[in-house]
Amino acid sequence: MQIVFTEAQLGHHPSGFLVRGQRQPCPEIPARAMVLKEAAESRGHRLVAPESYGPGPRAAVHTPRYLRFLETAHERWQALPGASAEVIPNVHPNGRRAGYPESVVGQAGYHMADTACPLASGSWAAITASADTAVHAARLVQAGAPAAYALCRPPGHHAFADMAGGFCYLNNCAIAATELRRTASRVAILDVDLHHGNGTQGIFYRRADVLTVSIHADPANFYPFFWGHAAERGEQAGEGYNLNLPLALGSGDEPFLAALDRALGEVRLYAPEALVVALGLDAYEGDPLAGLKVTTPGFEEICRRIGKLRLPTVLVQEGGYPSPELGRNLVASLKGFEEGLRV
């Protein structure tokens, strides 16, 4: 399989985030991307670098003022007296119905859902390189590849059209799906990350041309808390085109695979012409975020069943944080997917 990756994504290195009020080291670090890259290369997958696609693919998903904020916020923040090295919000509007502030401090609260998405000097270049990685993988599939894996970081599925959150800034899955829509009348996004893909859901919630399906830890007691519940089925034209399958915390392979079979049934009924997989590896039993208990063979079987759909597929890297088995879980996932294609 072709692996799309560029080291331009490594310039973003967040120093930390708040967990239960305590500042903790951020697990979304450049080293995790290198672990995934080296694991894929060690198994003979071919590495290709993405081209630069400019602002068009980003602007097709995200609002102009949000993109302007991401690009300019760090420089503006540094001009403030006593500013920290990273842009981190300290105030949030309740419901975001008030006017749009001129101050970068206010804009940070408006455009950032939490403290897990700081912006530093190298962040914007890495964020745009991550989006280009997703676009390039989509174009490989449009050109006839049965599948391509976009090794994106920072990840994207918590990013809304105008709001960052959960280590995510630009929604790479939404950008890939939008690119695929240029040649496909219907696209499905299947999210198997530990966390609900709330940004992805939000972007397509009122649309019928992109089906969104997410299997994740129950948000009643887990991030992102406010989205990802089973009753959320879409609105207006998108009603019935969003499916959430929350799992009890600590669920392992068996309940995950049962939910996956239901998800795959939904995808088949939708009959998409292309598929985007939000490939989170943080559902792993040894992942530091510790929400579900999927095993390495479980990842292989998950991706084998997805591969059996035999759809042109872009696999986009989402979560999956430093653990001894991180690279092994990716290798198992790619192996399972390719075997599913051949069945």
# chains A, B, ... in the order shown; residues from 1 in each chain; ligands from 1

call {"tool": "residues_around", "arguments": {"residues": "region 138-142 of chain A", "least_positions_apart": "6", "cutoff": "8 Å", "atoms": "only C-alpha atoms", "output": "list of chain:residue names"}}
result
A:Ala148, A:Ala176, A:Ala177, A:Glu179, A:Leu180, A:Thr183, A:Pro312, A:Thr313, A:Val314

call {"tool": "select_by_dssp", "arguments": {"residues": "region 174-238 of chain A", "states": "strand (DSSP E)", "output": "compact mmCIF listing (two decimals) with N, CA, C and O atoms, in the first residue's frame"}}
result
# COMPACT_ATOMS: atom_id res chain seq x y z
N VAL A 187 -19.93 9.40 -0.52
CA VAL A 187 -18.75 8.96 0.21
C VAL A 187 -19.17 8.61 1.63
O VAL A 187 -20.01 9.32 2.22
N ALA A 188 -18.61 7.56 2.19
CA ALA A 188 -18.84 7.21 3.60
C ALA A 188 -17.57 7.43 4.39
O ALA A 188 -16.46 7.19 3.89
N ILE A 189 -17.72 7.89 5.62
CA ILE A 189 -16.61 7.99 6.56
C ILE A 189 -16.90 7.06 7.73
O ILE A 189 -17.93 7.18 8.39
N LEU A 190 -16.00 6.13 7.96
CA LEU A 190 -16.12 5.18 9.07
C LEU A 190 -15.01 5.46 10.07
O LEU A 190 -13.83 5.33 9.74
N ASP A 191 -15.37 5.83 11.28
CA ASP A 191 -14.41 6.24 12.30
C ASP A 191 -14.31 5.14 13.35
O ASP A 191 -15.29 4.83 14.03
N VAL A 210 -22.54 12.56 2.28
CA VAL A 210 -21.46 11.92 3.02
C VAL A 210 -22.06 11.27 4.27
O VAL A 210 -22.58 11.96 5.15
N LEU A 211 -22.01 9.97 4.32
CA LEU A 211 -22.47 9.20 5.48
C LEU A 211 -21.36 9.18 6.53
O LEU A 211 -20.20 8.90 6.21
N THR A 212 -21.69 9.48 7.79
CA THR A 212 -20.70 9.43 8.86
C THR A 212 -21.12 8.39 9.89
O THR A 212 -22.25 8.40 10.39
N VAL A 213 -20.19 7.47 10.19
CA VAL A 213 -20.42 6.39 11.15
C VAL A 213 -19.24 6.35 12.10
O VAL A 213 -18.08 6.37 11.66
N SER A 214 -19.51 6.29 13.40
CA SER A 214 -18.43 6.30 14.39
C SER A 214 -18.68 5.24 15.46
O SER A 214 -19.77 5.15 16.03
N ILE A 215 -17.64 4.45 15.73
CA ILE A 215 -17.62 3.49 16.85
C ILE A 215 -16.63 4.04 17.87
O ILE A 215 -15.49 4.32 17.52
N HIS A 216 -17.04 4.17 19.13
CA HIS A 216 -16.19 4.89 20.08
C HIS A 216 -16.63 4.61 21.51
O HIS A 216 -17.73 4.08 21.76
N ALA A 217 -15.79 4.99 22.45
CA ALA A 217 -16.14 4.88 23.86
C ALA A 217 -17.30 5.81 24.17
O ALA A 217 -17.36 6.94 23.68

call {"tool": "closest_atom_pairs", "arguments": {"of": "region 98-180 of chain A", "to": "region 5-29 of chain A", "cutoff": "8 Å", "atoms": "only C-alpha atoms", "output": "Markdown table"}}
result
| residue | atom | partner | partner_atom | distance |
| --- | --- | --- | --- | --- |
| A:Thr115 | CA | A:Phe17 | CA | 5.6 |
| A:Ala116 | CA | A:Phe17 | CA | 5.0 |
| A:Cys117 | CA | A:Pro14 | CA | 7.7 |
| A:Pro118 | CA | A:Pro14 | CA | 6.3 |
| A:Leu119 | CA | A:Pro14 | CA | 7.5 |
| A:Ala120 | CA | A:His12 | CA | 7.1 |
| A:Ser121 | CA | A:His12 | CA | 7.9 |
| A:Gly122 | CA | A:Gly11 | CA | 4.9 |
| A:Ser123 | CA | A:His12 | CA | 4.4 |
| A:Trp124 | CA | A:His12 | CA | 7.8 |
| A:Ala125 | CA | A:Ala8 | CA | 7.0 |
| A:Ala126 | CA | A:Gln9 | CA | 4.0 |
| A:Ile127 | CA | A:Gln9 | CA | 6.8 |
| A:Ala129 | CA | A:Gln9 | CA | 5.7 |
| A:Ser130 | CA | A:Gln9 | CA | 6.0 |
| A:Thr133 | CA | A:Phe5 | CA | 6.2 |
| A:Ala150 | CA | A:Phe5 | CA | 6.7 |
| A:Leu151 | CA | A:Phe5 | CA | 5.4 |
| A:Cys152 | CA | A:Phe5 | CA | 7.1 |
| A:Arg153 | CA | A:Gln9 | CA | 6.1 |
| A:Pro154 | CA | A:Glu28 | CA | 7.2 |
| A:Phe167 | CA | A:Glu28 | CA | 6.9 |

call {"tool": "write_last_selection", "arguments": {"atoms": "N, CA and C atoms", "output": "tab-separated table (two decimals), in the first residue's frame"}}
result
chain	number	residue	atom	x	y	z
A	115	THR	N	-8.08	22.80	25.88
A	115	THR	CA	-6.67	23.20	25.97
A	115	THR	C	-5.72	22.24	25.27
A	116	ALA	N	-6.27	21.27	24.55
A	116	ALA	CA	-5.44	20.23	23.95
A	116	ALA	C	-4.98	20.55	22.54
A	117	CYS	N	-5.19	21.79	22.10
A	117	CYS	CA	-4.82	22.15	20.73
A	117	CYS	C	-4.07	23.48	20.71
A	118	PRO	N	-2.95	23.60	21.44
A	118	PRO	CA	-2.19	24.85	21.42
A	118	PRO	C	-1.53	25.08	20.07
A	119	LEU	N	-1.26	26.35	19.80
A	119	LEU	CA	-0.59	26.74	18.56
A	119	LEU	C	0.76	27.35	18.90
A	120	ALA	N	1.83	26.80	18.32
A	120	ALA	CA	3.18	27.32	18.51
A	120	ALA	C	3.75	27.76	17.17
A	121	SER	N	5.01	28.13	17.16
A	121	SER	CA	5.60	28.71	15.94
A	121	SER	C	5.59	27.75	14.76
A	122	GLY	N	5.74	26.46	14.98
A	122	GLY	CA	5.78	25.51	13.88
A	122	GLY	C	4.47	24.82	13.59
A	123	SER	N	3.41	25.22	14.27
A	123	SER	CA	2.16	24.48	14.18
A	123	SER	C	1.48	24.60	12.82
A	124	TRP	N	1.33	25.82	12.30
A	124	TRP	CA	0.57	26.01	11.07
A	124	TRP	C	1.17	25.24	9.90
A	125	ALA	N	2.49	25.24	9.77
A	125	ALA	CA	3.12	24.51	8.67
A	125	ALA	C	2.85	23.02	8.79
A	126	ALA	N	2.88	22.49	10.01
A	126	ALA	CA	2.61	21.06	10.22
A	126	ALA	C	1.14	20.74	9.95
A	127	ILE	N	0.27	21.62	10.39
A	127	ILE	CA	-1.17	21.42	10.20
A	127	ILE	C	-1.52	21.38	8.72
A	129	ALA	N	0.54	20.68	6.25
A	129	ALA	CA	1.17	19.49	5.67
A	129	ALA	C	0.34	18.24	5.95
A	130	SER	N	-0.28	18.19	7.13
A	130	SER	CA	-1.15	17.07	7.47
A	130	SER	C	-2.36	17.03	6.53
A	133	THR	N	-1.36	15.81	3.17
A	133	THR	CA	-1.17	14.35	3.21
A	133	THR	C	-2.49	13.64	2.93
A	150	ALA	N	-2.96	7.68	4.65
A	150	ALA	CA	-2.46	9.02	4.93
A	150	ALA	C	-1.97	9.06	6.37
A	151	LEU	N	-0.65	9.12	6.54
A	151	LEU	CA	-0.08	9.18	7.88
A	151	LEU	C	-0.08	10.66	8.30
A	152	CYS	N	-1.22	11.09	8.79
A	152	CYS	CA	-1.45	12.49	9.15
A	152	CYS	C	-1.15	12.74	10.62
A	153	ARG	N	-0.42	13.83	10.89
A	153	ARG	CA	-0.35	14.37	12.24
A	153	ARG	C	0.02	15.84	12.15
A	154	PRO	N	-0.65	16.71	12.91
A	154	PRO	CA	-1.65	16.34	13.91
A	154	PRO	C	-2.89	15.71	13.28
A	167	PHE	N	-6.47	17.77	20.17
A	167	PHE	CA	-5.25	17.63	19.37
A	167	PHE	C	-5.47	17.90	17.88

call {"tool": "closest_residue", "arguments": {"among": "A:Glu338, A:Glu300, A:Asp193, A:Glu239", "to": "Gly320 (chain A)", "atoms": "only C-alpha atoms"}}
result
A:Asp193

call {"tool": "atom_distance", "arguments": {"atom1": "CA of Leu70 (chain A)", "atom2": "CA of Val48 (chain A)"}}
result
26.7 Å

call {"tool": "closest_residue", "arguments": {"among": "A:Glu102, A:Glu235, A:Glu266, A:Asp162", "to": "Gly199 (chain A)", "atoms": "only C-alpha atoms"}}
result
A:Asp162

call {"tool": "residues_around", "arguments": {"residues": "Phe69 (chain A)", "least_positions_apart": "3", "cutoff": "9 Å", "atoms": "only C-alpha atoms", "output": "PyMOL selection string"}}
result
chain A and resi 64-66+72-74+104+107-108+111

call {"tool": "write_last_selection", "arguments": {"atoms": "N, CA, C and O atoms", "output": "compact mmCIF listing (two decimals), in the first residue's frame"}}
result
# COMPACT_ATOMS: atom_id res chain seq x y z
N PRO A 64 -13.43 30.75 6.42
CA PRO A 64 -12.31 31.67 6.19
C PRO A 64 -11.73 32.24 7.49
O PRO A 64 -10.51 32.31 7.65
N ARG A 65 -12.59 32.67 8.42
CA ARG A 65 -12.01 33.30 9.61
C ARG A 65 -11.33 32.29 10.53
O ARG A 65 -10.39 32.64 11.24
N TYR A 66 -11.77 31.03 10.49
CA TYR A 66 -11.08 30.00 11.26
C TYR A 66 -9.69 29.74 10.67
O TYR A 66 -8.69 29.65 11.40
N THR A 72 -2.60 32.91 11.68
CA THR A 72 -2.03 34.16 12.22
C THR A 72 -2.00 34.23 13.74
O THR A 72 -1.37 35.14 14.30
N ALA A 73 -2.68 33.33 14.42
CA ALA A 73 -2.87 33.48 15.87
C ALA A 73 -1.55 33.52 16.64
O ALA A 73 -1.39 34.32 17.57
N HIS A 74 -0.61 32.66 16.28
CA HIS A 74 0.61 32.59 17.08
C HIS A 74 1.38 33.91 17.02
O HIS A 74 1.84 34.42 18.05
N VAL A 104 -7.13 38.35 19.79
CA VAL A 104 -6.72 36.96 19.57
C VAL A 104 -7.02 36.11 20.80
O VAL A 104 -7.24 34.90 20.69
N GLN A 107 -10.60 35.24 20.30
CA GLN A 107 -10.70 34.32 19.17
C GLN A 107 -10.21 32.92 19.53
O GLN A 107 -10.75 31.92 19.05
N ALA A 108 -9.19 32.85 20.39
CA ALA A 108 -8.71 31.53 20.82
C ALA A 108 -9.81 30.76 21.53
O ALA A 108 -10.02 29.57 21.29
N HIS A 111 -12.46 29.65 18.90
CA HIS A 111 -12.06 28.63 17.91
C HIS A 111 -11.43 27.39 18.52
O HIS A 111 -11.05 26.48 17.76

call {"tool": "atom_distance", "arguments": {"atom1": "CA of Met163 (chain A)", "atom2": "CA of Phe225 (chain A)"}}
result
15.9 Å

call {"tool": "residues_around", "arguments": {"residues": "Phe204 (chain A)", "least_positions_apart": "2", "cutoff": "12 Å", "atoms": "only C-alpha atoms", "output": "PyMOL selection string"}}
result
chain A and resi 61-62+157+160-161+171+173-175+177-178+187-189+197-202+206-213+233-243

call {"tool": "select_by_dssp", "arguments": {"residues": "region 94-170 of chain A", "states": "alpha helix (DSSP H)", "output": "list in words"}}
result
Val104, Val105, Gly106, Gln107, Ala108, Gly109, Tyr110, His111, Ser123, Trp124, Ala125, Ala126, Ile127, Thr128, Ala129, Ser130, Ala131, Asp132, Thr133, Ala134, Val135, His136, Ala137, Ala138, Arg139, Leu140, Val141 and Gln142 of chain A

call {"tool": "residues_around", "arguments": {"residues": "Asp114 (chain A)", "least_positions_apart": "2", "cutoff": "8 Å", "atoms": "only C-alpha atoms", "output": "ChimeraX atom specification"}}
result
/A:89,112,116-117,164-166

call {"tool": "write_last_selection", "arguments": {"atoms": "N, CA and C atoms", "output": "short mmCIF file (atom, residue, chain, number, x, y, z; two decimals), in the first residue's frame"}}
result
data_model
loop_
_atom_site.label_atom_id
_atom_site.label_comp_id
_atom_site.auth_asym_id
_atom_site.auth_seq_id
_atom_site.Cartn_x
_atom_site.Cartn_y
_atom_site.Cartn_z
N PRO A 89 -6.32 28.80 24.99
CA PRO A 89 -7.46 29.62 25.40
C PRO A 89 -7.65 29.64 26.91
N MET A 112 -11.28 27.31 19.84
CA MET A 112 -10.64 26.16 20.47
C MET A 112 -11.57 25.58 21.54
N ALA A 116 -6.27 21.27 24.55
CA ALA A 116 -5.44 20.23 23.95
C ALA A 116 -4.98 20.55 22.54
N CYS A 117 -5.19 21.79 22.10
CA CYS A 117 -4.82 22.15 20.73
C CYS A 117 -4.07 23.48 20.71
N ALA A 164 -11.14 24.01 16.69
CA ALA A 164 -10.18 22.96 16.98
C ALA A 164 -10.55 22.28 18.30
N GLY A 165 -9.98 21.11 18.52
CA GLY A 165 -10.21 20.41 19.78
C GLY A 165 -9.51 19.07 19.77
N GLY A 166 -9.18 18.56 20.94
CA GLY A 166 -8.68 17.21 21.06
C GLY A 166 -7.48 16.90 20.19
#

call {"tool": "atom_distance", "arguments": {"atom1": "CA of Glu51 (chain A)", "atom2": "CA of Val135 (chain A)"}}
result
8.8 Å

call {"tool": "closest_residue", "arguments": {"among": "A:Val192, A:Ala59, A:Ala283, A:Leu36", "to": "Leu170 (chain A)", "atoms": "only C-alpha atoms"}}
result
A:Ala59

call {"tool": "closest_residue", "arguments": {"among": "A:Ala85, A:Leu315, A:Ala143, A:Ala131", "to": "Cys168 (chain A)", "atoms": "only C-alpha atoms"}}
result
A:Ala131

call {"tool": "closest_residue", "arguments": {"among": "A:Ser251, A:Asn221, A:Ser323, A:Gln317", "to": "Tyr149 (chain A)", "atoms": "only C-alpha atoms"}}
result
A:Gln317

call {"tool": "residues_around", "arguments": {"residues": "Leu341 (chain A)", "least_positions_apart": "6", "cutoff": "10 Å", "atoms": "only C-alpha atoms", "output": "MDAnalysis selection string"}}
result
chainID A and resid 146:147 303:311

call {"tool": "write_last_selection", "arguments": {"atoms": "N, CA and C atoms", "output": "short mmCIF file (atom, residue, chain, number, x, y, z; two decimals), in the first residue's frame"}}
result
data_model
loop_
_atom_site.label_atom_id
_atom_site.label_comp_id
_atom_site.auth_asym_id
_atom_site.auth_seq_id
_atom_site.Cartn_x
_atom_site.Cartn_y
_atom_site.Cartn_z
N PRO A 146 -6.39 1.08 -5.17
CA PRO A 146 -7.51 0.55 -4.38
C PRO A 146 -7.59 1.16 -2.99
N ALA A 147 -6.43 1.60 -2.47
CA ALA A 147 -6.40 2.20 -1.15
C ALA A 147 -5.09 2.96 -0.98
N CYS A 303 -9.84 -4.24 10.42
CA CYS A 303 -9.48 -3.75 9.09
C CYS A 303 -9.71 -4.80 8.01
N ARG A 304 -9.63 -6.08 8.36
CA ARG A 304 -9.94 -7.13 7.38
C ARG A 304 -11.41 -7.00 6.96
N ARG A 305 -12.29 -6.81 7.93
CA ARG A 305 -13.71 -6.68 7.61
C ARG A 305 -13.99 -5.41 6.81
N ILE A 306 -13.29 -4.33 7.13
CA ILE A 306 -13.46 -3.10 6.34
C ILE A 306 -12.97 -3.32 4.91
N GLY A 307 -11.83 -4.00 4.76
CA GLY A 307 -11.30 -4.27 3.43
C GLY A 307 -12.25 -5.07 2.57
N LYS A 308 -13.06 -5.92 3.19
CA LYS A 308 -14.01 -6.75 2.44
C LYS A 308 -15.10 -5.92 1.75
N LEU A 309 -15.24 -4.66 2.13
CA LEU A 309 -16.17 -3.80 1.40
C LEU A 309 -15.71 -3.59 -0.04
N ARG A 310 -14.39 -3.70 -0.26
CA ARG A 310 -13.80 -3.51 -1.59
C ARG A 310 -14.19 -2.18 -2.22
N LEU A 311 -14.13 -1.15 -1.40
CA LEU A 311 -14.37 0.20 -1.88
C LEU A 311 -13.05 0.93 -2.04
#
